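Shown next: query.txt, containing compact mmCIF, C-alpha atoms (C1' of nucleotides).
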# COMPACT_ATOMS: atom_id res chain seq x y z
CA MET A 1 9.48 -5.91 -34.25
CA GLN A 2 7.34 -8.06 -36.51
CA ASP A 3 9.81 -10.90 -36.20
CA ILE A 4 9.45 -10.81 -32.43
CA LEU A 5 5.68 -11.09 -32.78
CA PHE A 6 5.81 -13.96 -35.27
CA GLU A 7 8.36 -15.81 -33.19
CA PHE A 8 6.07 -15.51 -30.19
CA ILE A 9 3.05 -16.74 -32.18
CA SER A 10 5.04 -19.66 -33.57
CA LYS A 11 5.22 -21.13 -30.07
CA TYR A 12 1.48 -21.75 -30.32
CA ILE A 13 0.48 -22.06 -33.98
CA THR A 14 2.10 -22.10 -37.42
CA LEU A 15 1.23 -19.21 -39.73
CA THR A 16 1.43 -19.19 -43.53
CA GLN A 17 2.97 -16.17 -45.24
CA ASP A 18 -0.55 -15.14 -46.30
CA GLU A 19 -1.76 -15.16 -42.75
CA LYS A 20 1.25 -13.14 -41.64
CA ASN A 21 0.51 -10.59 -44.33
CA VAL A 22 -3.11 -10.26 -43.23
CA LEU A 23 -1.89 -9.56 -39.70
CA LEU A 24 0.50 -6.89 -40.91
CA THR A 25 -2.20 -5.02 -42.83
CA LEU A 26 -4.05 -4.44 -39.56
CA ASP A 27 -1.78 -1.68 -38.32
CA LEU A 28 -1.46 -3.15 -34.83
CA PHE A 29 1.84 -1.60 -33.80
CA HIS A 30 1.76 1.49 -31.61
CA SER A 31 4.55 3.55 -30.08
CA GLU A 32 3.78 5.17 -26.74
CA LYS A 33 5.73 7.63 -24.62
CA LYS A 34 6.63 6.97 -21.00
CA GLY A 35 3.79 8.14 -18.75
CA THR A 36 1.08 7.82 -21.40
CA VAL A 37 -2.19 6.64 -19.86
CA LEU A 38 -3.69 3.91 -22.05
CA LEU A 39 -6.84 3.34 -19.99
CA LYS A 40 -8.56 5.34 -17.28
CA GLU A 41 -10.86 4.22 -14.50
CA GLY A 42 -14.47 4.31 -15.70
CA GLN A 43 -13.64 3.89 -19.39
CA ASN A 44 -15.11 1.12 -21.53
CA SER A 45 -12.12 0.08 -23.55
CA LYS A 46 -12.07 -2.76 -26.05
CA GLU A 47 -8.31 -2.87 -26.42
CA SER A 48 -5.97 -5.73 -25.62
CA TYR A 49 -2.23 -5.23 -25.35
CA PHE A 50 0.86 -7.17 -26.20
CA VAL A 51 4.13 -5.64 -25.08
CA LEU A 52 6.89 -5.80 -27.71
CA LYS A 53 9.18 -3.39 -25.92
CA GLY A 54 8.94 -1.44 -22.67
CA CYS A 55 6.76 -1.83 -19.61
CA ILE A 56 3.16 -1.01 -18.78
CA ARG A 57 1.42 -1.18 -15.41
CA THR A 58 -2.10 -1.44 -14.07
CA TYR A 59 -3.00 0.58 -11.00
CA TYR A 60 -5.98 1.58 -8.92
CA ILE A 61 -6.43 4.93 -7.21
CA ILE A 62 -7.79 4.20 -3.74
CA ASP A 63 -8.22 7.09 -1.30
CA GLY A 64 -6.09 9.20 -3.60
CA GLU A 65 -3.25 6.69 -3.53
CA GLU A 66 -1.94 4.73 -6.47
CA LYS A 67 -1.93 0.97 -5.93
CA THR A 68 0.03 -0.82 -8.63
CA THR A 69 -1.10 -4.41 -9.11
CA ALA A 70 0.70 -5.63 -12.24
CA PHE A 71 3.57 -4.98 -14.60
CA TYR A 72 3.65 -6.25 -18.17
CA THR A 73 6.98 -6.33 -19.98
CA GLU A 74 8.42 -7.81 -23.16
CA LEU A 75 6.24 -10.62 -24.61
CA ASN A 76 3.52 -10.23 -21.98
CA ALA A 77 -0.07 -10.15 -23.21
CA PHE A 78 -2.85 -8.43 -21.33
CA THR A 79 -6.59 -8.07 -21.87
CA PRO A 80 -8.16 -5.72 -19.33
CA ASN A 81 -11.03 -7.00 -17.28
CA CYS A 82 -13.35 -4.32 -18.74
CA VAL A 83 -12.90 -5.74 -22.25
CA VAL A 84 -13.83 -9.28 -21.24
CA ASN A 85 -16.79 -8.34 -19.04
CA LYS A 86 -17.89 -5.22 -20.95
CA ILE A 87 -17.95 -3.09 -17.83
CA PRO A 88 -16.24 0.23 -17.00
CA SER A 89 -12.65 -0.28 -15.87
CA ASP A 90 -11.81 -0.18 -12.17
CA TYR A 91 -8.20 0.64 -12.87
CA PHE A 92 -5.75 2.65 -14.94
CA ILE A 93 -3.09 1.44 -17.34
CA SER A 94 -0.04 3.52 -18.14
CA CYS A 95 3.41 3.22 -19.64
CA VAL A 96 6.28 2.91 -17.16
CA GLU A 97 8.72 3.41 -20.06
CA ASP A 98 8.58 4.33 -23.73
CA CYS A 99 6.79 1.37 -25.27
CA ILE A 100 6.14 -0.43 -28.50
CA LEU A 101 2.83 -2.17 -28.13
CA LEU A 102 0.63 -4.35 -30.19
CA VAL A 103 -2.89 -3.03 -29.64
CA SER A 104 -5.85 -5.08 -30.81
CA ASN A 105 -9.50 -4.18 -30.68
CA ALA A 106 -12.00 -6.79 -29.42
CA ASP A 107 -14.30 -6.35 -32.44
CA MET A 108 -11.40 -6.71 -34.81
CA GLY A 109 -10.17 -9.67 -32.79
CA ALA A 110 -13.53 -11.41 -33.19
CA GLU A 111 -13.33 -10.85 -36.94
CA ILE A 112 -9.87 -12.32 -37.18
CA ASN A 113 -10.81 -15.27 -35.02
CA ALA A 114 -13.78 -15.97 -37.28
CA LYS A 115 -11.58 -15.88 -40.38
CA PHE A 116 -8.66 -17.79 -38.90
CA PRO A 117 -9.75 -20.44 -36.40
CA LYS A 118 -6.07 -20.90 -35.61
CA PHE A 119 -6.12 -17.62 -33.76
CA ASP A 120 -8.99 -18.72 -31.68
CA ILE A 121 -6.99 -21.78 -30.71
CA MET A 122 -3.97 -19.68 -29.84
CA CYS A 123 -6.06 -17.33 -27.71
CA ARG A 124 -7.48 -20.22 -25.79
CA MET A 125 -4.06 -21.72 -25.20
CA LEU A 126 -2.79 -18.36 -24.06
CA SER A 127 -5.59 -17.69 -21.62
CA GLU A 128 -5.34 -21.18 -20.16
CA GLU A 129 -1.61 -20.77 -19.77
CA LEU A 130 -2.00 -17.33 -18.21
CA LEU A 131 -4.70 -18.56 -15.87
CA ALA A 132 -2.46 -21.36 -14.61
CA LYS A 133 0.52 -19.02 -14.30
CA GLN A 134 -1.46 -16.40 -12.43
CA GLN A 135 -2.85 -19.01 -10.06
CA ILE A 136 0.72 -19.89 -9.11
CA ASP A 137 1.65 -16.23 -8.66
CA PHE A 138 -1.39 -15.68 -6.47
CA ASP A 139 -0.56 -18.75 -4.40
CA GLU A 140 3.00 -17.56 -3.90
CA PHE A 141 1.78 -14.15 -2.85
CA LYS A 142 -0.64 -15.60 -0.31
CA THR A 143 1.84 -18.00 1.21
CA SER A 144 4.74 -15.59 1.67
CA SER A 145 5.73 -12.50 3.63
CA PRO A 146 6.56 -9.14 2.01
CA GLU A 147 10.25 -9.90 2.47
CA GLN A 148 9.93 -13.30 0.82
CA ARG A 149 7.92 -11.70 -2.00
CA TYR A 150 10.67 -9.19 -2.61
CA LEU A 151 13.35 -11.88 -2.66
CA ASN A 152 11.16 -13.95 -4.96
CA LEU A 153 10.76 -11.01 -7.33
CA LEU A 154 14.51 -10.49 -7.26
CA GLN A 155 14.82 -14.06 -8.56
CA LYS A 156 12.01 -14.11 -11.08
CA ARG A 157 11.94 -10.62 -12.53
CA PRO A 158 15.17 -8.89 -11.50
CA ASP A 159 14.73 -6.40 -14.34
CA LEU A 160 11.58 -4.98 -12.71
CA ILE A 161 13.52 -3.85 -9.66
CA GLN A 162 15.82 -1.85 -11.92
CA ARG A 163 13.32 -0.32 -14.30
CA VAL A 164 10.36 0.43 -12.02
CA PRO A 165 10.11 3.18 -9.34
CA GLN A 166 10.28 1.85 -5.79
CA HIS A 167 6.89 3.17 -4.70
CA GLN A 168 5.22 1.30 -7.57
CA LEU A 169 7.10 -1.86 -6.66
CA ALA A 170 6.02 -1.44 -3.03
CA SER A 171 2.30 -1.57 -3.74
CA TYR A 172 2.94 -4.43 -6.17
CA LEU A 173 4.40 -6.26 -3.16
CA GLY A 174 1.40 -5.24 -1.05
CA ILE A 175 3.27 -2.81 1.22
CA LYS A 176 4.08 0.92 1.59
CA PRO A 177 7.18 2.51 0.03
CA GLN A 178 8.67 3.17 3.49
CA SER A 179 8.33 -0.51 4.36
CA LEU A 180 10.05 -1.54 1.14
CA SER A 181 12.94 0.80 1.94
CA ARG A 182 13.24 -0.63 5.43
CA LEU A 183 12.93 -4.19 4.17
CA ARG A 184 15.73 -3.65 1.66
CA ALA A 185 17.95 -2.20 4.38
CA ARG A 186 17.15 -5.22 6.56
CA ILE A 187 18.16 -7.64 3.83
CA LEU A 188 21.45 -5.81 3.24
CA GLU A 189 22.08 -5.88 6.99
CA LYS A 190 21.60 -9.66 7.05
CA LYS A 191 23.96 -10.22 4.13
CA ARG A 192 26.83 -8.40 5.81
CA MET B 1 -27.46 -33.16 -10.74
CA GLN B 2 -27.41 -33.39 -14.51
CA ASP B 3 -29.87 -30.52 -14.75
CA ILE B 4 -27.49 -28.36 -12.74
CA LEU B 5 -24.69 -29.17 -15.17
CA PHE B 6 -26.76 -28.49 -18.28
CA GLU B 7 -28.09 -25.26 -16.85
CA PHE B 8 -24.54 -24.13 -16.22
CA ILE B 9 -23.44 -25.06 -19.73
CA SER B 10 -26.43 -23.28 -21.24
CA LYS B 11 -24.99 -19.98 -20.05
CA TYR B 12 -22.22 -20.45 -22.61
CA ILE B 13 -23.46 -22.71 -25.43
CA THR B 14 -26.66 -24.44 -26.53
CA LEU B 15 -26.59 -28.23 -26.53
CA THR B 16 -28.82 -30.56 -28.57
CA GLN B 17 -30.35 -33.57 -26.85
CA ASP B 18 -27.86 -35.77 -28.73
CA GLU B 19 -24.95 -33.81 -27.38
CA LYS B 20 -26.35 -34.01 -23.88
CA ASN B 21 -26.66 -37.78 -24.23
CA VAL B 22 -23.06 -38.11 -25.35
CA LEU B 23 -21.99 -36.20 -22.26
CA LEU B 24 -24.01 -38.46 -20.01
CA THR B 25 -22.46 -41.64 -21.43
CA LEU B 26 -19.04 -40.46 -20.22
CA ASP B 27 -19.63 -41.28 -16.58
CA LEU B 28 -18.28 -37.97 -15.33
CA PHE B 29 -20.06 -37.79 -12.00
CA HIS B 30 -18.15 -38.81 -8.88
CA SER B 31 -19.14 -38.82 -5.22
CA GLU B 32 -16.35 -38.14 -2.75
CA LYS B 33 -16.24 -38.28 1.04
CA LYS B 34 -15.15 -35.35 3.17
CA GLY B 35 -11.38 -35.47 3.62
CA THR B 36 -10.67 -37.42 0.43
CA VAL B 37 -7.43 -36.27 -1.19
CA LEU B 38 -7.98 -35.89 -4.93
CA LEU B 39 -4.46 -34.85 -5.82
CA LYS B 40 -1.15 -35.04 -3.98
CA GLU B 41 2.00 -32.98 -4.34
CA GLY B 42 4.28 -34.55 -6.93
CA GLN B 43 1.52 -36.33 -8.84
CA ASN B 44 0.96 -35.87 -12.56
CA SER B 45 -2.81 -35.71 -12.73
CA LYS B 46 -4.81 -35.09 -15.88
CA GLU B 47 -8.08 -34.42 -14.12
CA SER B 48 -10.17 -31.27 -14.15
CA TYR B 49 -12.94 -30.69 -11.65
CA PHE B 50 -16.34 -29.08 -11.66
CA VAL B 51 -18.06 -28.87 -8.29
CA LEU B 52 -21.74 -29.78 -8.39
CA LYS B 53 -22.13 -30.03 -4.63
CA GLY B 54 -19.73 -29.54 -1.74
CA CYS B 55 -16.40 -27.80 -1.43
CA ILE B 56 -12.84 -28.67 -2.40
CA ARG B 57 -9.64 -26.83 -1.54
CA THR B 58 -6.09 -26.56 -2.84
CA TYR B 59 -3.27 -26.38 -0.33
CA TYR B 60 0.48 -26.47 -0.13
CA ILE B 61 2.49 -28.05 2.64
CA ILE B 62 5.33 -25.66 3.45
CA ASP B 63 7.62 -26.42 6.39
CA GLY B 64 5.08 -29.00 7.53
CA GLU B 65 2.28 -26.42 7.56
CA GLU B 66 -0.81 -26.49 5.38
CA LYS B 67 -1.33 -23.31 3.39
CA THR B 68 -4.75 -23.23 1.79
CA THR B 69 -4.85 -21.03 -1.30
CA ALA B 70 -8.26 -21.65 -2.87
CA PHE B 71 -11.75 -23.00 -2.26
CA TYR B 72 -14.04 -24.23 -5.03
CA THR B 73 -17.73 -24.58 -4.27
CA GLU B 74 -20.96 -25.13 -6.23
CA LEU B 75 -20.56 -24.34 -9.96
CA ASN B 76 -16.86 -23.60 -9.70
CA ALA B 77 -14.60 -25.19 -12.31
CA PHE B 78 -10.94 -25.90 -11.69
CA THR B 79 -8.12 -27.31 -13.79
CA PRO B 80 -4.96 -27.85 -11.76
CA ASN B 81 -1.79 -26.24 -12.94
CA CYS B 82 -0.13 -29.65 -13.37
CA VAL B 83 -2.71 -30.64 -16.00
CA VAL B 84 -2.16 -27.55 -18.13
CA ASN B 85 1.63 -27.54 -17.90
CA LYS B 86 2.15 -31.30 -17.66
CA ILE B 87 4.36 -31.00 -14.61
CA PRO B 88 4.14 -32.63 -11.16
CA SER B 89 1.74 -30.80 -8.88
CA ASP B 90 3.08 -28.40 -6.26
CA TYR B 91 -0.05 -28.67 -4.19
CA PHE B 92 -2.74 -30.95 -2.79
CA ILE B 93 -6.46 -30.96 -3.46
CA SER B 94 -8.92 -32.39 -0.97
CA CYS B 95 -12.61 -32.36 -0.13
CA VAL B 96 -13.65 -29.98 2.64
CA GLU B 97 -17.10 -31.62 2.64
CA ASP B 98 -18.79 -34.62 1.05
CA CYS B 99 -18.81 -33.71 -2.64
CA ILE B 100 -20.44 -34.49 -5.93
CA LEU B 101 -17.90 -33.65 -8.59
CA LEU B 102 -17.71 -33.77 -12.32
CA VAL B 103 -14.27 -35.16 -13.08
CA SER B 104 -12.95 -34.96 -16.63
CA ASN B 105 -9.73 -36.33 -18.00
CA ALA B 106 -7.56 -34.10 -20.22
CA ASP B 107 -7.27 -36.80 -22.93
CA MET B 108 -10.99 -37.34 -22.91
CA GLY B 109 -11.53 -33.60 -22.94
CA ALA B 110 -9.40 -33.25 -26.05
CA GLU B 111 -11.47 -35.94 -27.74
CA ILE B 112 -14.74 -34.22 -26.90
CA ASN B 113 -13.43 -30.87 -27.99
CA ALA B 114 -12.38 -32.35 -31.33
CA LYS B 115 -15.83 -33.88 -31.86
CA PHE B 116 -17.81 -30.90 -30.59
CA PRO B 117 -16.14 -27.58 -31.38
CA LYS B 118 -18.80 -25.96 -29.22
CA PHE B 119 -17.05 -27.32 -26.16
CA ASP B 120 -13.81 -25.81 -27.23
CA ILE B 121 -15.57 -22.47 -27.46
CA MET B 122 -17.09 -22.89 -24.03
CA CYS B 123 -13.73 -23.81 -22.51
CA ARG B 124 -12.16 -20.71 -23.99
CA MET B 125 -14.93 -18.49 -22.70
CA LEU B 126 -14.60 -20.07 -19.30
CA SER B 127 -10.86 -19.65 -19.01
CA GLU B 128 -11.01 -16.05 -20.21
CA GLU B 129 -13.73 -15.34 -17.70
CA LEU B 130 -11.83 -17.05 -14.91
CA LEU B 131 -8.62 -15.25 -15.80
CA ALA B 132 -10.37 -11.87 -15.61
CA LYS B 133 -12.11 -12.82 -12.37
CA GLN B 134 -8.92 -14.06 -10.77
CA GLN B 135 -7.06 -10.93 -11.78
CA ILE B 136 -9.64 -8.91 -9.85
CA ASP B 137 -9.36 -11.21 -6.84
CA PHE B 138 -5.59 -10.92 -6.89
CA ASP B 139 -5.78 -7.13 -7.15
CA GLU B 140 -8.16 -6.97 -4.21
CA PHE B 141 -5.87 -9.17 -2.18
CA LYS B 142 -2.83 -7.00 -2.92
CA THR B 143 -4.55 -3.73 -2.19
CA SER B 144 -6.16 -4.65 1.11
CA SER B 145 -5.23 -5.56 4.68
CA PRO B 146 -6.07 -8.94 6.27
CA GLU B 147 -9.01 -7.30 8.07
CA GLN B 148 -10.38 -5.81 4.84
CA ARG B 149 -9.90 -9.17 3.13
CA TYR B 150 -11.95 -10.89 5.82
CA LEU B 151 -14.74 -8.30 5.59
CA ASN B 152 -14.64 -8.61 1.82
CA LEU B 153 -14.95 -12.39 2.05
CA LEU B 154 -17.86 -11.94 4.45
CA GLN B 155 -19.61 -9.99 1.68
CA LYS B 156 -18.66 -12.09 -1.32
CA ARG B 157 -18.65 -15.66 -0.03
CA PRO B 158 -20.35 -15.64 3.38
CA ASP B 159 -21.00 -19.39 3.07
CA LEU B 160 -17.25 -20.12 3.16
CA ILE B 161 -16.92 -18.66 6.65
CA GLN B 162 -19.60 -21.09 7.84
CA ARG B 163 -18.53 -24.24 6.07
CA VAL B 164 -14.73 -24.04 6.22
CA PRO B 165 -12.47 -24.52 9.29
CA GLN B 166 -10.97 -21.27 10.60
CA HIS B 167 -7.36 -22.33 10.21
CA GLN B 168 -7.94 -23.05 6.53
CA LEU B 169 -9.65 -19.69 6.10
CA ALA B 170 -6.73 -18.00 7.84
CA SER B 171 -4.11 -19.12 5.35
CA TYR B 172 -6.54 -18.34 2.54
CA LEU B 173 -6.50 -14.76 3.91
CA GLY B 174 -2.71 -14.86 4.14
CA ILE B 175 -2.46 -14.93 7.94
CA LYS B 176 -2.16 -17.35 10.91
CA PRO B 177 -5.19 -18.86 12.63
CA GLN B 178 -4.42 -16.93 15.83
CA SER B 179 -4.44 -13.67 13.89
CA LEU B 180 -7.80 -14.50 12.35
CA SER B 181 -9.25 -15.18 15.80
CA ARG B 182 -7.92 -11.88 17.09
CA LEU B 183 -9.07 -10.01 14.01
CA ARG B 184 -12.59 -11.37 14.39
CA ALA B 185 -12.64 -10.34 18.05
CA ARG B 186 -11.44 -6.87 17.03
CA ILE B 187 -14.26 -6.50 14.50
CA LEU B 188 -16.88 -7.56 17.06
CA GLU B 189 -15.38 -5.07 19.51
CA LYS B 190 -15.75 -2.27 16.96
CA LYS B 191 -19.37 -3.13 16.22
CA ARG B 192 -20.43 -2.91 19.85
C1' DA C 1 -19.51 -42.88 27.62
C1' DG C 2 -15.07 -41.71 27.82
C1' DT C 3 -10.72 -40.74 25.63
C1' DA C 4 -8.00 -38.77 22.09
C1' DT C 5 -7.54 -35.43 18.63
C1' DT C 6 -8.45 -31.46 16.29
C1' DT C 7 -10.01 -26.83 16.32
C1' DC C 8 -10.59 -22.35 18.20
C1' DT C 9 -9.58 -18.79 21.39
C1' DT C 10 -6.85 -16.08 24.62
C1' DA C 11 -2.68 -14.09 26.43
C1' DA C 12 2.13 -12.30 26.69
C1' DC C 13 5.81 -11.19 24.06
C1' DT C 14 8.42 -10.31 19.59
C1' DT C 15 8.75 -8.65 15.06
C1' DA C 16 7.39 -6.20 11.16
C1' DA C 17 4.33 -3.15 8.70
C1' DG C 18 1.58 1.39 8.85
C1' DT C 19 1.79 6.38 9.83
C1' DG C 20 3.42 11.01 9.88
C1' DA C 21 7.16 13.84 9.43
C1' DA C 22 11.62 15.35 7.94
C1' DC C 23 15.57 15.44 4.81
C1' DG C 24 18.46 15.25 0.74
C1' DA C 25 18.95 14.11 -4.23
C1' DG C 26 17.23 14.41 -8.55
C1' DT C 27 13.86 16.20 -11.91
C1' DT C 28 10.70 19.48 -14.01
C1' DA C 29 8.83 23.86 -14.68
C1' DT C 30 8.98 28.72 -14.95
C1' DA D 1 18.76 29.98 -11.56
C1' DT D 2 15.37 29.19 -8.53
C1' DA D 3 11.34 27.30 -7.03
C1' DA D 4 8.23 23.39 -6.93
C1' DC D 5 7.80 18.42 -7.15
C1' DT D 6 8.84 13.77 -7.03
C1' DC D 7 11.28 10.11 -5.12
C1' DG D 8 13.73 7.40 -1.93
C1' DT D 9 15.37 7.02 2.71
C1' DT D 10 15.36 7.49 7.69
C1' DC D 11 13.31 8.08 12.30
C1' DA D 12 10.02 7.79 16.12
C1' DC D 13 5.82 6.08 17.21
C1' DT D 14 1.52 3.19 16.59
C1' DT D 15 -0.79 -0.79 15.18
C1' DA D 16 -1.25 -5.35 13.73
C1' DA D 17 0.58 -9.81 12.64
C1' DG D 18 3.91 -13.75 14.04
C1' DT D 19 5.25 -16.84 17.84
C1' DT D 20 4.87 -19.69 21.73
C1' DA D 21 2.16 -21.62 25.02
C1' DA D 22 -1.97 -22.86 27.48
C1' DG D 23 -6.59 -24.06 27.96
C1' DA D 24 -11.54 -24.51 26.40
C1' DA D 25 -14.71 -26.39 23.01
C1' DA D 26 -15.96 -29.34 19.47
C1' DT D 27 -15.29 -33.62 16.88
C1' DA D 28 -13.87 -38.17 15.99
C1' DC D 29 -12.65 -42.79 17.75
C1' DT D 30 -13.38 -47.13 20.05
As structure tokens - that is how I would like this structure written.
Amino acid sequence: MQDILFEFISKYITLTQDEKNVLLTLDLFHSEKKGTVLLKEGQNSKESYFVLKGCIRTYYIIDGEEKTTAFYTELNAFTPNCVVNKIPSDYFISCVEDCILLVSNADMGAEINAKFPKFDIMCRMLSEELLAKQQIDFDEFKTSSPEQRYLNLLQKRPDLIQRVPQHQLASYLGIKPQSLSRLRARILEKKR
Amino acid sequence: MQDILFEFISKYITLTQDEKNVLLTLDLFHSEKKGTVLLKEGQNSKESYFVLKGCIRTYYIIDGEEKTTAFYTELNAFTPNCVVNKIPSDYFISCVEDCILLVSNADMGAEINAKFPKFDIMCRMLSEELLAKQQIDFDEFKTSSPEQRYLNLLQKRPDLIQRVPQHQLASYLGIKPQSLSRLRARILEKKR
DNA sequence: AGTATTTCTTAACTTAAGTGAACGAGTTAT
DNA sequence: ATAACTCGTTCACTTAAGTTAAGAAATACT
């Protein structure tokens, strides 16, 4: 697991063995069971997540209905909005599968960043990269129909369609579960 | 204009007079006419923008149709995807109105950041903030209908509805201009 | 001023998503 | 083992968005 983390980090910065050791003393690795809720609406969390194994999702509960807006899988990093802006969370985070997560606290993060400016640099690179990536995702979402979005997802993250329940996928695509069912049937019909 | 810039920066970092002077020697301020295209699809730009006055938009041309995905107005900062990832741009950027922009080159930016670590810190704060903000925008888009999106926009950026052509607003909301017209008529009908 | 062009709206029709309900398959709980 | 739940699918019906076309209103052009 540690190797996976260090390999990921090495894409951004080069760590000495000392620096790696410091990281490992921090006890960042957490195992979580499928269904575990990591963050609830209204909470003021300071935790950021990095998925080493498994899948977590963010979702709102609007009029009693779950609306899933994001999935984070292997090597995805995610800092909830409430951590950045120091406000209560609008959404929930839970584990879609059994997970191994790297969980870092904002206070601790600040400490590390102060000690190792390298980390600060990596964080900046990461958030710039994520911002650009998310802009593209948002653009694609805006410029395409639910059917196109589904086909696009099939291309880009085919694993999601296997490992995630349909009704969660549906709201991720901005539609109702019944519409996703119908849409899938329509696509199969066309292929024949 | 400079005051506006320095006031914005002061929300993140504190600049000395010397540092302000260095900034001013860089000739960052540009005036652009309405309709000017700042970036074309396929180009490899290195320019980031900060809107001091006016409004710029990003748009794709898909099957000969413009699809507007974002508007940047006063005090909005924007670094195109192609700058971050060093790839040709997928989209266009043009001025919706006459604009006064702060245009900074990536190479130049790197130089400044190296000389003044403060800037680096500000850039990181900005991109983290923007990432969090955009995540919320994306979530709202996914979890709401075109009509709700329009009403939401009316609340959050009422100026846009005045200053931007309807057909550009429509694709920004993920629908066709005709649907936006109809939707507006529907809302008026309900109010009566 | 007058013409051309773009922009916005309206309408009729088509297509797809939302809604409410029902059903079967699979899972969990007791 | 049975009951209770969840999940995915299907159906009939409603509602809203896409499409095509036409015309009015505003803007730009010369």
As lines of an AutoDock Vina configuration file, please report the centre and edge lengths, rounded to one decimal in Å, of the axis-aligned box that holds all listed atoms of segment 5-16 of chain D with 3 Å of padding on each of the six sides.
center_x = 7.1
center_y = 6.5
center_z = 5.0
size_x = 22.6
size_y = 29.8
size_z = 30.4
Can you list every residue of chain D that has an atom at most 12 Å from chain B, with its nearest atom pair and the distance in Å to one decimal, using all atoms listed in the file, ordered by chain then number, as CSV?
residue,atom,partner,partner_atom,distance
D:DA16,C1',B:Ser179,CA,8.9
D:DA17,C1',B:Ser179,CA,6.5
D:DG18,C1',B:Lys176,CA,7.7
D:DT19,C1',B:Gln178,CA,9.9
D:DT20,C1',B:Gln178,CA,11.3
D:DA26,C1',B:Pro165,CA,11.8
Save the residues we just selected, C-alpha atoms (C1' of nucleotides), as a PDB file, in the coordinates of the input?
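Final output, part_32.pdb:
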ATOM      1  C1'  DA D  16      -1.250  -5.350  13.730  1.00  0.00           C
ATOM      2  C1'  DA D  17       0.580  -9.810  12.640  1.00  0.00           C
ATOM      3  C1'  DG D  18       3.910 -13.750  14.040  1.00  0.00           C
ATOM      4  C1'  DT D  19       5.250 -16.840  17.840  1.00  0.00           C
ATOM      5  C1'  DT D  20       4.870 -19.690  21.730  1.00  0.00           C
ATOM      6  C1'  DA D  26     -15.960 -29.340  19.470  1.00  0.00           C
TER       7       DA D  26
END
Proximal residues of chain A relative to chain B (only C-alpha atoms; 6 Å) as a compact mmCIF listing (two decimals) with C-alpha atoms, in the frame of the given file:
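Result file is result27.txt:
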# COMPACT_ATOMS: atom_id res chain seq x y z
CA THR A 69 -1.10 -4.41 -9.11
CA ASN A 81 -11.03 -7.00 -17.28
CA ARG A 124 -7.48 -20.22 -25.79
CA SER A 127 -5.59 -17.69 -21.62
CA GLU A 128 -5.34 -21.18 -20.16
CA LEU A 131 -4.70 -18.56 -15.87
CA ALA A 132 -2.46 -21.36 -14.61
CA ASP A 139 -0.56 -18.75 -4.40
CA LYS A 142 -0.64 -15.60 -0.31
CA GLY A 174 1.40 -5.24 -1.05
Task: Pick from C:DA17, C:DA29, C:DA1, C:DC23 nearest to chain A, counting only C-alpha atoms (C1' of nucleotides) - done: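 Of all the options, C:DA17 lies closest to chain A.
Across the model, the gap from atom CA of Val103 of chain A to atom CA of Leu38 of chain A is 10.3 Å.
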Open item on the list: Could you work out which residues of chain C fall inside 9 Å of chain B? Count all atoms listed in the file, and format the result as a PyMOL selection string.
Closed with: chain C and resi 7-10
Next, write the just-selected residues to a file, as a short mmCIF file (atom, residue, chain, number, x, y, z; two decimals), in the frame of the given file, keeping C-alpha atoms (C1' of nucleotides) as the atom set.
data_model
loop_
_atom_site.label_atom_id
_atom_site.label_comp_id
_atom_site.auth_asym_id
_atom_site.auth_seq_id
_atom_site.Cartn_x
_atom_site.Cartn_y
_atom_site.Cartn_z
"C1'" DT C 7 -10.01 -26.83 16.32
"C1'" DC C 8 -10.59 -22.35 18.20
"C1'" DT C 9 -9.58 -18.79 21.39
"C1'" DT C 10 -6.85 -16.08 24.62
#
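If you look at atom CA of Arg186 of chain A and atom CA of Glu65 of chain B, they are 25.9 Å away from each other.
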TODO: For atom CA of Cys95 of chain B and atom CA of Val37 of chain B, determine how far apart the two atoms are, in Å to one decimal place.
DONE: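 Here the two named atoms are 6.6 Å from each other.
For the set D:DC13, D:DC7, D:DA1, D:DA25, the residue with the smallest atom-to-atom gap to DT27 of chain C is D:DC7, counting only C-alpha atoms (C1' of nucleotides).
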TODO: For Ser31 of chain A, work out the shell of residues within 7 Å, counting all atoms listed in the file and skipping chain neighbours fewer than 2 positions away, then give it as a count of residues only.
DONE: 5
